Structure formats: structure tokens, C-alpha cells
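Q: Take a look at protein.cif, mmCIF, C-alpha atoms and all ligand atoms:
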```
data_upload
loop_
_atom_site.label_atom_id
_atom_site.label_comp_id
_atom_site.auth_asym_id
_atom_site.auth_seq_id
_atom_site.Cartn_x
_atom_site.Cartn_y
_atom_site.Cartn_z
CA MET A 9 11.76 0.21 9.82
CA ILE A 10 8.04 0.80 10.28
CA ARG A 11 5.52 -1.16 8.27
CA THR A 12 1.85 -0.38 8.36
CA TYR A 13 -0.90 -2.91 7.81
CA LYS A 14 -4.30 -1.56 6.91
CA CYS A 15 -7.07 -3.88 7.98
CA ARG A 16 -10.79 -4.09 7.65
CA THR A 17 -12.85 -4.50 10.78
CA LYS A 18 -15.97 -6.03 12.18
CA ILE A 19 -17.82 -3.98 14.75
CA SER A 20 -21.35 -4.41 16.09
CA ARG A 21 -24.00 -1.78 15.49
CA ALA A 22 -23.88 -0.73 19.14
CA GLY A 23 -20.10 -0.68 18.85
CA HIS A 24 -20.29 1.80 16.02
CA SER A 25 -22.32 4.26 18.03
CA ARG A 26 -19.93 3.81 20.94
CA LEU A 27 -17.08 4.62 18.57
CA ASP A 28 -18.90 7.76 17.46
CA GLN A 29 -19.23 8.78 21.07
CA VAL A 30 -15.49 8.39 21.67
CA LEU A 31 -14.76 10.40 18.52
CA ARG A 32 -17.04 13.15 19.78
CA LEU A 33 -15.30 13.21 23.17
CA SER A 34 -11.94 13.30 21.44
CA ALA A 35 -12.93 16.36 19.44
CA GLU A 36 -14.24 17.98 22.62
CA LEU A 37 -10.98 17.32 24.41
CA TYR A 38 -8.99 18.66 21.49
CA ASN A 39 -10.98 21.87 21.45
CA ALA A 40 -10.79 22.26 25.24
CA GLY A 41 -7.05 21.69 25.09
CA LEU A 42 -6.67 24.27 22.36
CA GLU A 43 -8.73 26.78 24.28
CA SER A 44 -6.69 26.19 27.40
CA ARG A 45 -3.48 26.79 25.46
CA ILE A 46 -4.81 30.01 23.99
CA ASP A 47 -6.04 31.21 27.41
CA CYS A 48 -2.82 30.41 29.11
CA TYR A 49 -0.85 32.30 26.50
CA LYS A 50 -3.12 35.33 26.77
CA LYS A 51 -2.86 35.43 30.56
CA THR A 52 0.75 34.52 31.16
CA GLY A 53 2.46 34.84 27.81
CA LYS A 54 3.66 31.27 28.23
CA SER A 55 2.68 28.23 26.28
CA ARG A 56 1.38 25.08 27.77
CA SER A 57 3.23 21.84 27.11
CA TYR A 58 1.94 18.39 26.30
CA PHE A 59 2.88 17.28 29.80
CA ASP A 60 0.98 20.14 31.44
CA GLN A 61 -2.04 19.09 29.46
CA CYS A 62 -1.67 15.44 30.40
CA LYS A 63 -1.84 16.56 34.04
CA GLU A 64 -5.00 18.49 33.26
CA LEU A 65 -6.39 15.39 31.62
CA THR A 66 -5.91 13.45 34.86
CA GLU A 67 -8.01 16.06 36.64
CA VAL A 68 -10.69 15.96 33.98
CA ARG A 69 -10.84 12.19 34.13
CA ALA A 70 -11.16 12.27 37.94
CA GLU A 71 -14.19 14.51 37.66
CA ILE A 72 -16.09 13.48 34.57
CA GLN A 73 -17.28 9.91 34.35
CA GLU A 74 -17.61 9.93 30.55
CA PHE A 75 -13.88 10.51 30.24
CA LYS A 76 -13.03 8.18 33.10
CA ASP A 77 -14.64 5.27 31.29
CA ILE A 78 -12.20 5.54 28.42
CA SER A 79 -8.54 4.63 28.45
CA ALA A 80 -6.33 7.66 29.15
CA ILE A 81 -4.01 6.47 26.38
CA LEU A 82 -6.60 7.42 23.77
CA PHE A 83 -6.87 10.93 25.14
CA ARG A 84 -3.13 11.31 25.40
CA GLY A 85 -3.16 10.54 21.68
CA VAL A 86 -5.53 13.49 21.18
CA LEU A 87 -3.31 15.81 23.22
CA SER A 88 -0.25 14.67 21.34
CA ARG A 89 -2.05 15.53 18.11
CA LEU A 90 -2.73 18.99 19.44
CA ASP A 91 0.90 19.28 20.48
CA LYS A 92 2.02 18.31 16.99
CA ALA A 93 -0.36 20.85 15.45
CA TYR A 94 1.21 23.53 17.68
CA LYS A 95 4.75 22.54 16.81
CA ARG A 96 3.79 22.62 13.17
CA PHE A 97 2.45 26.12 13.65
CA PHE A 98 5.86 27.32 14.85
CA THR A 99 7.72 25.73 11.96
CA HIS A 100 5.24 25.99 9.10
CA GLY A 101 2.63 28.52 10.23
CA GLY A 102 -1.10 27.85 10.24
CA PHE A 103 -2.57 28.17 13.71
CA PRO A 104 -4.40 25.01 14.93
CA ARG A 105 -8.15 25.21 14.42
CA PHE A 106 -11.04 24.06 16.49
CA LYS A 107 -12.48 20.81 15.17
CA SER A 108 -16.13 20.09 14.64
CA SER A 109 -16.96 16.76 16.20
CA HIS A 110 -18.44 15.14 13.10
CA ARG A 111 -15.22 15.74 11.24
CA TRP A 112 -13.10 14.04 13.87
CA ARG A 113 -12.63 10.65 12.30
CA SER A 114 -9.72 8.84 13.82
CA ILE A 115 -8.37 7.53 17.07
CA GLU A 116 -4.63 7.19 17.49
CA VAL A 117 -2.82 5.05 20.00
CA ASN A 118 0.93 5.36 20.34
CA ASP A 119 1.50 3.75 23.68
CA GLN A 120 1.30 0.22 25.05
CA CYS A 121 -0.19 -0.96 21.80
CA GLY A 122 1.17 -4.46 22.24
CA ASN A 123 -1.32 -5.24 25.01
CA MET A 124 -4.32 -4.10 23.02
CA LEU A 125 -4.21 -6.49 20.12
CA LYS A 126 -5.24 -9.97 21.17
CA ARG A 127 -5.80 -13.36 19.65
CA GLU A 128 -9.17 -14.83 20.45
CA GLY A 129 -9.34 -18.27 18.90
CA ASN A 130 -8.56 -17.68 15.26
CA LYS A 131 -9.61 -14.05 15.45
CA THR A 132 -7.54 -10.94 16.00
CA VAL A 133 -9.31 -8.51 18.27
CA LEU A 134 -8.56 -5.00 19.41
CA ARG A 135 -9.47 -4.48 23.03
CA ILE A 136 -9.11 -0.97 24.39
CA LYS A 137 -10.81 0.35 27.49
CA GLY A 138 -13.79 2.45 26.50
CA LEU A 139 -13.89 1.25 22.90
CA PRO A 140 -16.12 -1.49 21.52
CA ARG A 141 -14.72 -4.85 20.63
CA ILE A 142 -13.11 -4.44 17.22
CA GLU A 143 -12.43 -7.55 15.22
CA VAL A 144 -9.48 -6.95 12.92
CA LYS A 145 -9.56 -8.69 9.56
CA THR A 146 -5.97 -9.25 8.49
CA SER A 147 -5.65 -10.04 4.82
CA ARG A 148 -1.96 -10.79 5.22
CA GLU A 149 0.02 -12.20 8.08
CA LEU A 150 1.15 -9.73 10.72
CA PRO A 151 4.88 -9.80 11.49
CA PRO A 152 5.36 -12.40 14.25
CA ASN A 153 8.36 -10.66 15.83
CA GLY A 154 7.35 -7.12 15.00
CA LEU A 155 6.78 -4.59 17.75
CA LEU A 156 3.38 -2.92 17.48
CA ARG A 157 4.16 0.79 17.74
CA ALA A 158 0.92 2.50 16.77
CA ILE A 159 -2.73 1.79 16.17
CA ARG A 160 -4.97 4.09 14.21
CA ILE A 161 -8.70 3.52 13.95
CA THR A 162 -10.30 5.51 11.15
CA ARG A 163 -13.98 5.95 10.45
CA LYS A 164 -14.46 6.07 6.70
CA ALA A 165 -17.52 6.69 4.58
CA LEU A 166 -18.13 3.01 4.00
CA ARG A 167 -16.41 1.34 6.90
CA THR A 168 -14.01 1.55 9.78
CA GLU A 169 -10.37 0.75 9.13
CA VAL A 170 -7.58 -0.13 11.50
CA ALA A 171 -3.96 0.62 10.64
CA LEU A 172 -1.35 -1.30 12.61
CA SER A 173 2.18 0.07 12.48
CA TYR A 174 4.89 -2.42 13.35
CA GLU A 175 8.54 -1.88 13.88
CA VAL A 176 10.23 -4.71 12.02
CA GLU A 177 13.88 -5.53 11.63
CA ARG A 178 15.42 -4.88 8.33
CA THR A 179 16.98 -8.00 6.91
CA GLU A 180 20.42 -7.52 5.41
CA PRO A 181 20.41 -8.24 1.68
CA VAL A 182 21.86 -11.60 0.74
CA ALA A 183 25.48 -11.18 -0.25
CA GLU A 184 25.46 -13.62 -3.10
CA ILE A 185 22.81 -13.35 -5.72
CA THR A 186 21.89 -16.66 -7.22
CA ASN A 187 18.39 -16.20 -8.53
CA PRO A 188 17.74 -12.79 -10.09
CA VAL A 189 14.83 -11.81 -12.24
CA GLY A 190 13.98 -8.98 -14.63
CA ILE A 191 10.36 -7.92 -14.98
CA ASP A 192 8.83 -6.35 -18.03
CA MET A 193 5.54 -4.64 -17.42
CA GLY A 194 3.35 -4.73 -20.45
CA ILE A 195 0.06 -3.85 -21.97
CA THR A 196 -0.98 -7.20 -23.41
CA LYS A 197 0.36 -9.15 -20.44
CA ARG A 198 0.59 -7.67 -17.03
CA LEU A 199 4.06 -8.96 -16.27
CA THR A 200 6.63 -10.95 -18.17
CA LEU A 201 9.55 -12.33 -16.20
CA SER A 202 12.99 -12.92 -17.66
CA ASP A 203 12.68 -16.65 -17.00
CA GLY A 204 9.56 -16.82 -19.14
CA LYS A 205 6.90 -16.75 -16.48
CA THR A 206 4.00 -14.47 -17.21
CA VAL A 207 1.19 -12.91 -15.27
CA GLU A 208 -1.92 -12.30 -17.29
CA LYS A 209 -3.64 -8.99 -17.58
CA ARG A 210 -6.43 -8.38 -15.18
CA VAL A 211 -9.79 -7.78 -16.74
CA ILE A 212 -12.18 -5.83 -14.58
CA ASN A 213 -15.75 -6.91 -14.84
CA ARG A 214 -17.53 -3.61 -15.22
CA SER A 215 -21.07 -4.85 -15.72
CA GLU A 216 -22.04 -4.25 -12.11
CA ILE A 217 -20.50 -0.77 -12.15
CA ILE A 218 -22.36 0.07 -15.33
CA ARG A 219 -25.63 -1.23 -13.92
CA LEU A 220 -25.25 0.78 -10.71
CA GLN A 221 -24.15 3.86 -12.61
CA ARG A 222 -27.30 3.66 -14.69
CA SER A 223 -29.42 3.25 -11.61
CA VAL A 224 -27.84 6.43 -10.15
CA SER A 225 -28.47 8.47 -13.26
CA ARG A 226 -32.12 7.38 -13.46
CA LYS A 227 -32.88 8.72 -9.99
CA LYS A 228 -33.71 12.25 -9.03
CA LYS A 229 -30.60 13.98 -7.75
CA GLU A 230 -30.37 14.41 -3.96
CA SER A 231 -33.46 12.22 -3.42
CA ASN A 232 -33.24 9.43 -0.85
CA ASN A 233 -33.25 6.76 -3.53
CA TRP A 234 -30.49 8.60 -5.34
CA LYS A 235 -28.40 8.68 -2.17
CA LYS A 236 -28.92 4.95 -1.70
CA ALA A 237 -27.85 4.25 -5.26
CA VAL A 238 -24.75 6.42 -4.89
CA LEU A 239 -23.79 4.48 -1.79
CA LEU A 240 -24.17 1.17 -3.60
CA LEU A 241 -22.01 2.45 -6.44
CA ALA A 242 -19.34 3.64 -4.03
CA ARG A 243 -19.40 0.20 -2.36
CA GLU A 244 -18.85 -1.54 -5.65
CA TRP A 245 -15.85 0.65 -6.46
CA GLN A 246 -14.50 -0.01 -3.01
CA ARG A 247 -14.94 -3.74 -3.53
CA ILE A 248 -13.02 -3.64 -6.80
CA SER A 249 -10.17 -1.61 -5.37
CA ASP A 250 -9.94 -3.86 -2.30
CA LYS A 251 -9.71 -6.88 -4.52
CA GLU A 252 -6.97 -5.26 -6.55
CA ARG A 253 -5.03 -4.33 -3.44
CA ASP A 254 -5.21 -7.85 -2.03
CA TYR A 255 -4.15 -9.25 -5.36
CA LEU A 256 -1.13 -6.95 -5.61
CA HIS A 257 -0.09 -7.92 -2.11
CA ARG A 258 -0.20 -11.60 -2.96
CA LEU A 259 1.56 -11.14 -6.27
CA SER A 260 4.40 -9.07 -4.83
CA ALA A 261 4.83 -11.47 -1.90
CA GLU A 262 5.09 -14.37 -4.32
CA ILE A 263 7.73 -12.65 -6.46
CA VAL A 264 9.81 -11.65 -3.44
CA LYS A 265 9.70 -15.25 -2.24
CA MET A 266 10.98 -16.62 -5.55
CA TYR A 267 13.93 -14.35 -6.36
CA ASP A 268 16.81 -12.63 -4.59
CA LEU A 269 17.32 -9.73 -6.98
CA ILE A 270 14.35 -8.12 -8.66
CA VAL A 271 14.92 -5.70 -11.50
CA VAL A 272 11.99 -3.54 -12.55
CA GLU A 273 11.45 -0.66 -14.93
CA LYS A 274 11.68 2.82 -13.56
CA LEU A 275 8.28 4.15 -14.48
CA ARG A 276 7.47 7.41 -16.10
CA THR A 277 3.78 6.95 -15.52
CA LYS A 278 2.98 10.64 -15.81
CA ASN A 279 4.22 10.78 -19.36
CA MET A 280 2.67 7.50 -20.29
CA VAL A 281 -0.76 8.30 -18.94
CA ARG A 282 -0.84 11.35 -21.17
CA ASN A 283 -1.41 8.94 -24.03
CA SER A 284 -5.13 8.60 -23.46
CA LYS A 285 -5.64 5.26 -25.19
CA LEU A 286 -3.23 3.52 -22.88
CA ALA A 287 -4.12 5.51 -19.82
CA ARG A 288 -6.95 3.37 -18.60
CA SER A 289 -5.18 0.10 -19.07
CA ILE A 290 -2.03 1.39 -17.36
CA HIS A 291 -4.06 2.69 -14.51
CA GLU A 292 -5.79 -0.62 -14.06
CA GLN A 293 -2.59 -2.51 -13.95
CA SER A 294 -1.50 -0.34 -11.02
CA TRP A 295 2.16 -0.56 -11.84
CA GLY A 296 3.31 2.03 -9.41
CA LYS A 297 1.57 0.33 -6.54
CA LEU A 298 3.13 -2.99 -7.41
CA ILE A 299 6.63 -1.52 -7.43
CA THR A 300 6.02 0.10 -4.05
CA LEU A 301 4.86 -3.22 -2.64
CA LEU A 302 7.81 -5.09 -4.13
CA ASN A 303 10.15 -2.58 -2.52
CA GLU A 304 8.45 -2.83 0.85
CA LYS A 305 8.32 -6.59 0.94
CA ALA A 306 11.82 -6.99 -0.47
CA GLU A 307 13.27 -4.75 2.20
CA SER A 308 12.11 -6.91 5.05
CA ALA A 309 13.05 -10.10 3.23
CA GLY A 310 16.60 -9.04 2.41
CA VAL A 311 15.90 -9.07 -1.31
CA ARG A 312 17.18 -6.29 -3.50
CA VAL A 313 14.98 -4.35 -5.91
CA VAL A 314 16.73 -2.36 -8.60
CA GLU A 315 14.95 0.08 -10.90
CA VAL A 316 16.37 0.64 -14.36
CA ASP A 317 15.67 2.89 -17.29
CA PRO A 318 13.55 0.77 -19.65
CA ARG A 319 14.24 2.83 -22.77
CA GLY A 320 15.01 0.64 -25.73
CA THR A 321 14.69 -2.65 -23.88
CA SER A 322 12.13 -4.00 -26.31
CA GLN A 323 14.26 -3.15 -29.38
CA GLU A 324 17.55 -4.43 -28.08
CA CYS A 325 18.62 -8.04 -28.62
CA SER A 326 19.29 -9.71 -25.28
CA GLY A 327 21.77 -12.06 -26.96
CA CYS A 328 24.09 -9.75 -28.88
CA GLY A 329 22.98 -6.22 -27.99
CA ALA A 330 22.05 -5.30 -31.57
CA THR A 331 19.06 -3.05 -32.16
CA VAL A 332 16.17 -4.89 -33.81
CA LYS A 333 13.45 -2.38 -34.62
CA LYS A 334 9.90 -3.67 -34.33
CA SER A 335 6.48 -2.14 -33.95
CA LEU A 336 4.18 -2.93 -31.03
CA SER A 337 2.24 -5.47 -33.06
CA VAL A 338 5.32 -7.67 -33.64
CA ARG A 339 5.23 -10.09 -30.72
CA THR A 340 8.36 -12.12 -31.48
CA HIS A 341 11.93 -10.91 -31.28
CA ARG A 342 14.08 -12.32 -34.12
CA CYS A 343 17.73 -11.38 -34.39
CA GLU A 344 20.37 -12.23 -36.95
CA CYS A 345 22.49 -13.70 -34.15
CA GLY A 346 19.97 -16.53 -33.91
CA VAL A 347 17.95 -15.46 -30.89
CA VAL A 348 14.25 -15.99 -31.40
CA MET A 349 11.98 -15.40 -28.46
CA ASP A 350 8.87 -13.73 -27.17
CA ARG A 351 9.22 -9.98 -27.41
CA ASP A 352 8.44 -9.36 -23.75
CA VAL A 353 10.80 -12.06 -22.48
CA ASN A 354 13.55 -10.44 -24.53
CA ALA A 355 12.74 -7.09 -22.91
CA ALA A 356 12.67 -8.66 -19.44
CA ILE A 357 16.13 -10.18 -19.99
CA ASN A 358 17.44 -6.79 -21.10
CA ILE A 359 15.97 -5.27 -17.96
CA LEU A 360 17.66 -7.96 -15.90
CA HIS A 361 21.04 -7.26 -17.56
CA ARG A 362 20.74 -3.56 -16.82
CA GLY A 363 19.85 -4.28 -13.21
CA ILE A 364 22.77 -6.62 -12.76
CA SER A 365 25.20 -4.03 -14.03
CA ILE A 366 23.83 -1.64 -11.41
CA ALA A 367 23.61 -4.16 -8.59
CA GLY A 368 27.02 -5.66 -9.27
CA GLY A 369 30.28 -4.23 -8.04
CA LYS A 370 30.95 -6.37 -5.03
CA LEU A 371 30.47 -9.52 -6.98
CA ASP A 372 31.51 -10.61 -10.39
CA LEU A 373 27.90 -10.98 -11.27
CA GLU A 374 28.10 -9.87 -14.84
CA SER A 375 30.17 -12.69 -16.23
CA ARG A 376 28.41 -15.35 -14.17
CA MET A 377 25.06 -14.06 -15.13
CA VAL A 378 25.68 -13.91 -18.83
CA GLY A 379 26.48 -17.61 -18.77
CA ARG A 380 23.39 -18.31 -16.77
CA MET A 381 21.23 -16.31 -19.03
CA GLU A 382 22.49 -18.09 -22.10
CA MET A 383 21.45 -21.36 -20.58
CA LYS A 384 18.11 -19.95 -19.59
CA ARG A 385 17.48 -18.49 -22.97
CA ALA A 386 17.89 -21.86 -24.55
CA GLU A 387 15.39 -23.28 -22.12
CA VAL A 388 12.92 -20.50 -22.43
CA GLY A 389 12.70 -19.17 -25.93
CA PRO A 390 10.60 -19.04 -27.88
CA VAL A 391 7.81 -18.81 -25.38
CA ARG A 392 4.46 -19.94 -26.62
CA PRO A 393 2.25 -16.92 -26.85
CA GLY A 394 -0.25 -16.74 -24.05
CA THR A 395 1.48 -19.32 -21.87
CA VAL A 396 0.32 -18.84 -18.34
CA TYR A 397 2.76 -19.93 -15.73
CA GLY A 398 0.71 -17.77 -13.41
CA VAL A 399 2.80 -16.70 -10.48
CA VAL A 400 -0.52 -16.17 -8.82
CA ASN A 401 -3.72 -16.59 -10.70
CA SER A 402 -5.67 -13.42 -11.03
CA SER A 403 -8.79 -13.76 -8.98
CA THR A 404 -10.93 -11.23 -10.81
ZN ZN A 501 21.06 -10.66 -31.46
#
```
Can you give me the file's structure in the form of C-alpha cells?

A:
Amino acid sequence: MIRTYKCRTKISRAGHSRLDQVLRLSAELYNAGLESRIDCYKKTGKSRSYFDQCKELTEVRAEIQEFKDISAILFRGVLSRLDKAYKRFFTHGGFPRFKSSHRWRSIEVNDQCGNMLKREGNKTVLRIKGLPRIEVKTSRELPPNGLLRAIRITRKALRTEVALSYEVERTEPVAEITNPVGIDMGITKRLTLSDGKTVEKRVINRSEIIRLQRSVSRKKKESNNWKKAVLLLAREWQRISDKERDYLHRLSAEIVKMYDLIVVEKLRTKNMVRNSKLARSIHEQSWGKLITLLNEKAESAGVRVVEVDPRGTSQECSGCGATVKKSLSVRTHRCECGVVMDRDVNAAINILHRGISIAGGKLDLESRMVGRMEMKRAEVGPVRPGTVYGVVNSST
């Protein structure tokens, strides 16, 4: 199983221009390789393979110092990209095109990656012959036993990113489930867990965005000052989305650590976003992203994630299964059977029940769980509105 870690970087000013130089040479090599393939085909009717081109590369590197100074592995990555583009042409059509050098934005390494990433004190540094020193900022821990399979360095509008792809072992799911959880994703609270824990809604502070937006609109379009203001605005958006991403990583890691079966709602985001009033808030909560992260992290931790149809979970009584109709403004679930609890906790328990009936089979989970849940319900309900157990405190 491959897991990719996207990381921010720290590169000196001189390093950046060096990087640009390598990108330019890469584009040149790609174009030369493409031309050579076309020529060869015209003259002999045969196509040139990746290996033929690697041989050519050796000759080029022997003659031209600029290429000699840079690790051959980087250029083999370029040739392999060309090779892939060719193979794609035969299966999907679309003949490979020549690339203009300023649009060549990434460097790929697929070989001997393990030797290139080094620890220097408490820093993680990428050291590749011909490239500047690239300090890699890891926001989460890299897998200690993972095999580094690929490195991709990408030059983006605002910064340079490094993606590290590790091959990690899949952990077999635990056979016996002892600590499952159902998660209700809501509008008023971000998450409500079936054991009563809640994660508060994230409120984005938009004042800076609004200020920068205003500053953009006051400036003359396409002027230098306008361009500067646009860049500042783009940076602010980037900052907000980075923060959100980090937060979702921490939140999902925390949840995976606490439970061994995680039941979530299968989302129908497309339909939901059509309702324009809710759209923004749903978008901000980034549900889909969270589920993806839960799945990813669960897989390597041997935790199961089950997605269930959430229809009716807020109306159903988690104690007796009766339907108790209530509008969105009613925050407490009250049933004739005696169950009184927070509306979202009730929904989360229903979600958990549905997940258990899917996950079960091997084990007699159902009967054991019902007993467990009854005990839990007594402990939990009714939850005080607004109680923050805070799995992780929102940092925004
Ligand atoms: Zn009931």
C-alpha cells in the first residue's frame, strides 16, 4: 500500500534559481528525447525504448557538463515520463507534445529514494546531486518502517512542495472489535460521536480575507500593485487551507487511535451542496476529506471504517427503533420508550448500529453491542448542549 505525504519545504533563494535551472534542463531533455523518438521512427520505422534513451542519456552526460552535474536518476525520471506519455498514446491516443520550459514544474525520482532523504539534527533534508538543499517540513510523522518509493518535487505558484510516497505494510484489521464508534456529521457541531464526545464547528476568521479582497478591488487591474495584492490574497487562502488540512490530519489520527471500528455516514455531498444555504458550511467542514483521511489512516492501523446510509438516523430512536419525527430546530430526542438524549448522539448511535450490522458476520457483535450501548446510553444521555469533550481542539 502506497501512502503519500505532501510536505512544505525550505529552500534558499539561490536554491530556487538552481531548481529552476534543473527544471529547464528537464524540459530540454524531454523535448530532445521526443524529437529523437520521432526521428528514429521516421528513419527506421521503429520506436525507441526507454532503455535506448537511457543509453543516449549516458552519452549526453559524458559530453555536456550541465547535465553531468546533475544526478542521472533525475533525468531517468524525465525519460520515464516520456516513455509513459508514449505508452499512453498507444492506449488512449494523444501524441506527446513538446513542453515549454516554464511549464515544466516537477521533478520525479523513482529510484534509490531511500538514500536521498536524510536526518540532519532535528531536520529532514532532501539531498540529491545537482539539486539545492531542500529542507522538508513534515507536519506529521513519516512512517518509520516505510520504504520510500518515490519523491516528487513540485514548483507551485506560492511555494515548492515535496511529495514522499512510502510503501507501508497494511495492518490486518483486529479480529475482535471492542471499542466501536458511530460518527454523526452535523451542521451545528462538526462531529458528534456515539459515546457523547463532540467536536465543535470550525469558524473561519474571514476578516483578513475580506480586507485583502477589498485591497485587490481598489487597485487598478493588471497594475503591479494589483498583482501584489492578488498574491497576498492567494497566500491567505493558502494559509487557511493548509491550516484546515493539518487540522483534519490531527483529528482523523486521533479518532483512529481511540476506536477499532469507525462507522461514518456515506455522504451524498453533491445533492446536499445543491441546497445553497448549507453549501458553504458543508464545504467548510470538509466532510469528504475527513472520511478519506479516516480511511487512509485506519487502513494502516488495522482499524475498520464502515460507511452507512444515514437516511432517517436522526428520526429513529436508538433505544427502540421507533420513528420520532422532529424538525431540525429540535435538539433533543425524546421517545416514549424513555430514551432522552441529544439529537446528534441519538443519530450517532443509530449510525453505529447500522455499521455493526454491516461489519458483523464473523462475530456475534450485534447482541454484545446492544448490551454495551444500553450501558453507554445510560452514562451518556442526555448530553448537555454544547459540551466540548474536544477530541482535538480546533486551532482556528
Ligand atoms: Zn424509543

Q: Would you write out, as a Markdown table, a table of all residues in chain A that have an atom no more than 6 Å from an atom of ligand ZN 501 (chain A), listing for each the closest atom pair and the distance in Å to one decimal, considering only C-alpha atoms and all ligand atoms and ordering rows by chain and rising residue number?

A:
```
| residue | atom | partner | partner_atom | distance |
| --- | --- | --- | --- | --- |
| A:Cys325 | CA | A:ZN501 | ZN | 4.6 |
| A:Gly327 | CA | A:ZN501 | ZN | 4.8 |
| A:Cys328 | CA | A:ZN501 | ZN | 4.1 |
| A:Gly329 | CA | A:ZN501 | ZN | 6.0 |
| A:Ala330 | CA | A:ZN501 | ZN | 5.5 |
| A:Cys343 | CA | A:ZN501 | ZN | 4.5 |
| A:Glu344 | CA | A:ZN501 | ZN | 5.8 |
| A:Cys345 | CA | A:ZN501 | ZN | 4.3 |
| A:Val347 | CA | A:ZN501 | ZN | 5.7 |
```

Q: From (-3.2, -9.5, 10.2), in the file's coordinates, out to 10 Å: which residues are reached, counting only C-alpha atoms? Answer as a list in words.

A: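 All residues meeting the 10 Å criterion around (-3.2, -9.5, 10.2) are Tyr13, Lys14, Cys15, Arg16, Lys131, Thr132, Val144, Lys145, Thr146, Ser147, Arg148, Glu149, Leu150, Pro151, Pro152 and Leu172 of chain A.
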
Q: Given only C-alpha atoms, how would the per-residue table for region 82-199 of chain A near region 46-68 of chain A read, listing every residue at most 12 Å away with its closest atom pair and distance in Å to one decimal, sorted by chain and number, as JSON lines?

A:
```
{"residue": "A:Leu82", "atom": "CA", "partner": "A:Leu65", "partner_atom": "CA", "distance": 11.2}
{"residue": "A:Phe83", "atom": "CA", "partner": "A:Leu65", "partner_atom": "CA", "distance": 7.9}
{"residue": "A:Arg84", "atom": "CA", "partner": "A:Cys62", "partner_atom": "CA", "distance": 6.6}
{"residue": "A:Gly85", "atom": "CA", "partner": "A:Cys62", "partner_atom": "CA", "distance": 10.1}
{"residue": "A:Val86", "atom": "CA", "partner": "A:Cys62", "partner_atom": "CA", "distance": 10.2}
{"residue": "A:Leu87", "atom": "CA", "partner": "A:Tyr58", "partner_atom": "CA", "distance": 6.6}
{"residue": "A:Ser88", "atom": "CA", "partner": "A:Tyr58", "partner_atom": "CA", "distance": 6.6}
{"residue": "A:Arg89", "atom": "CA", "partner": "A:Tyr58", "partner_atom": "CA", "distance": 9.5}
{"residue": "A:Leu90", "atom": "CA", "partner": "A:Tyr58", "partner_atom": "CA", "distance": 8.3}
{"residue": "A:Asp91", "atom": "CA", "partner": "A:Tyr58", "partner_atom": "CA", "distance": 6.0}
{"residue": "A:Lys92", "atom": "CA", "partner": "A:Tyr58", "partner_atom": "CA", "distance": 9.3}
{"residue": "A:Ala93", "atom": "CA", "partner": "A:Tyr58", "partner_atom": "CA", "distance": 11.4}
{"residue": "A:Tyr94", "atom": "CA", "partner": "A:Ser57", "partner_atom": "CA", "distance": 9.8}
{"residue": "A:Lys95", "atom": "CA", "partner": "A:Ser57", "partner_atom": "CA", "distance": 10.4}
{"residue": "A:Phe98", "atom": "CA", "partner": "A:Ser55", "partner_atom": "CA", "distance": 11.9}
{"residue": "A:Phe103", "atom": "CA", "partner": "A:Ile46", "partner_atom": "CA", "distance": 10.7}
{"residue": "A:Pro104", "atom": "CA", "partner": "A:Ile46", "partner_atom": "CA", "distance": 10.4}
{"residue": "A:Arg105", "atom": "CA", "partner": "A:Ile46", "partner_atom": "CA", "distance": 11.2}
{"residue": "A:Phe106", "atom": "CA", "partner": "A:Ile46", "partner_atom": "CA", "distance": 11.4}
```

Q: Skip Glu324 (chain A) itself and residues of its chain fewer than 2 positions away, then list as a PyMOL selection string all residues within 10 Å of it, counting all atoms listed in the file.

A: chain A and resi 319-322+326-334+341+343+354-355+358

Q: Within 10 Å of (-13.8, 19.9, 13.2), in the coordinates the file gives, what residues turn up when you count all atoms listed in the file, written out as a list in words?

A: Arg32, Ala35, Glu36, Tyr38, Asn39, Arg105, Phe106, Lys107, Ser108, Ser109, His110, Arg111, Trp112 and Arg113 of chain A

Q: Can you work out the spacing between CA of His257 (chain A) and CA of Leu199 (chain A) in Å, to one decimal?

A: 14.8 Å

Q: I'd like a table as JSON lines: residues in region 324-374 of chain A with an atom no more than 12 Å from region 203-218 of chain A, each row giving the shortest atom pair and its distance in Å to one decimal, all atoms listed in the file counted, sorted by chain and rising residue number.

A:
```
{"residue": "A:Met349", "atom": "CA", "partner": "A:Gly204", "partner_atom": "CA", "distance": 9.7}
{"residue": "A:Asp350", "atom": "CA", "partner": "A:Gly204", "partner_atom": "CA", "distance": 8.6}
{"residue": "A:Arg351", "atom": "CA", "partner": "A:Gly204", "partner_atom": "CA", "distance": 10.7}
{"residue": "A:Asp352", "atom": "CA", "partner": "A:Gly204", "partner_atom": "CA", "distance": 8.8}
{"residue": "A:Val353", "atom": "CA", "partner": "A:Gly204", "partner_atom": "CA", "distance": 5.9}
{"residue": "A:Asn354", "atom": "CA", "partner": "A:Gly204", "partner_atom": "CA", "distance": 9.3}
{"residue": "A:Ala355", "atom": "CA", "partner": "A:Gly204", "partner_atom": "CA", "distance": 10.9}
{"residue": "A:Ala356", "atom": "CA", "partner": "A:Asp203", "partner_atom": "CA", "distance": 8.4}
{"residue": "A:Ile357", "atom": "CA", "partner": "A:Asp203", "partner_atom": "CA", "distance": 7.9}
{"residue": "A:Asn358", "atom": "CA", "partner": "A:Asp203", "partner_atom": "CA", "distance": 11.7}
{"residue": "A:Ile359", "atom": "CA", "partner": "A:Asp203", "partner_atom": "CA", "distance": 11.9}
{"residue": "A:Leu360", "atom": "CA", "partner": "A:Asp203", "partner_atom": "CA", "distance": 10.1}
```

Q: For region 153-166 of chain A, find every residue with an atom within 7 Å (counting all atoms listed in the file), except residues of its own chain fewer than 2 positions away, and show them as a ChimeraX atom specification.

A: /A:113-118,121-122,151,168-176

Q: How many Å lie between CA of Arg127 (chain A) and CA of Leu256 (chain A), rounded to one decimal?

A: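 Separating CA of Arg127 (chain A) from CA of Leu256 (chain A) is a distance of 26.5 Å.
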
Q: Quick one: distance from CA of Lys197 (chain A) to CA of Leu220 (chain A) in Å, one decimal?

A: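 Spanning CA of Lys197 (chain A) to CA of Leu220 (chain A) is a straight-line distance of 29.1 Å.
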
Q: Identify which of the residues A:Glu128, A:Glu315, A:Glu74, A:Glu180 lies closest to Leu275 (chain A), counting all atoms listed in the file when measuring atom-to-atom distances.

A: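 With all atoms listed in the file as the atom set, the closest residue is A:Glu315.
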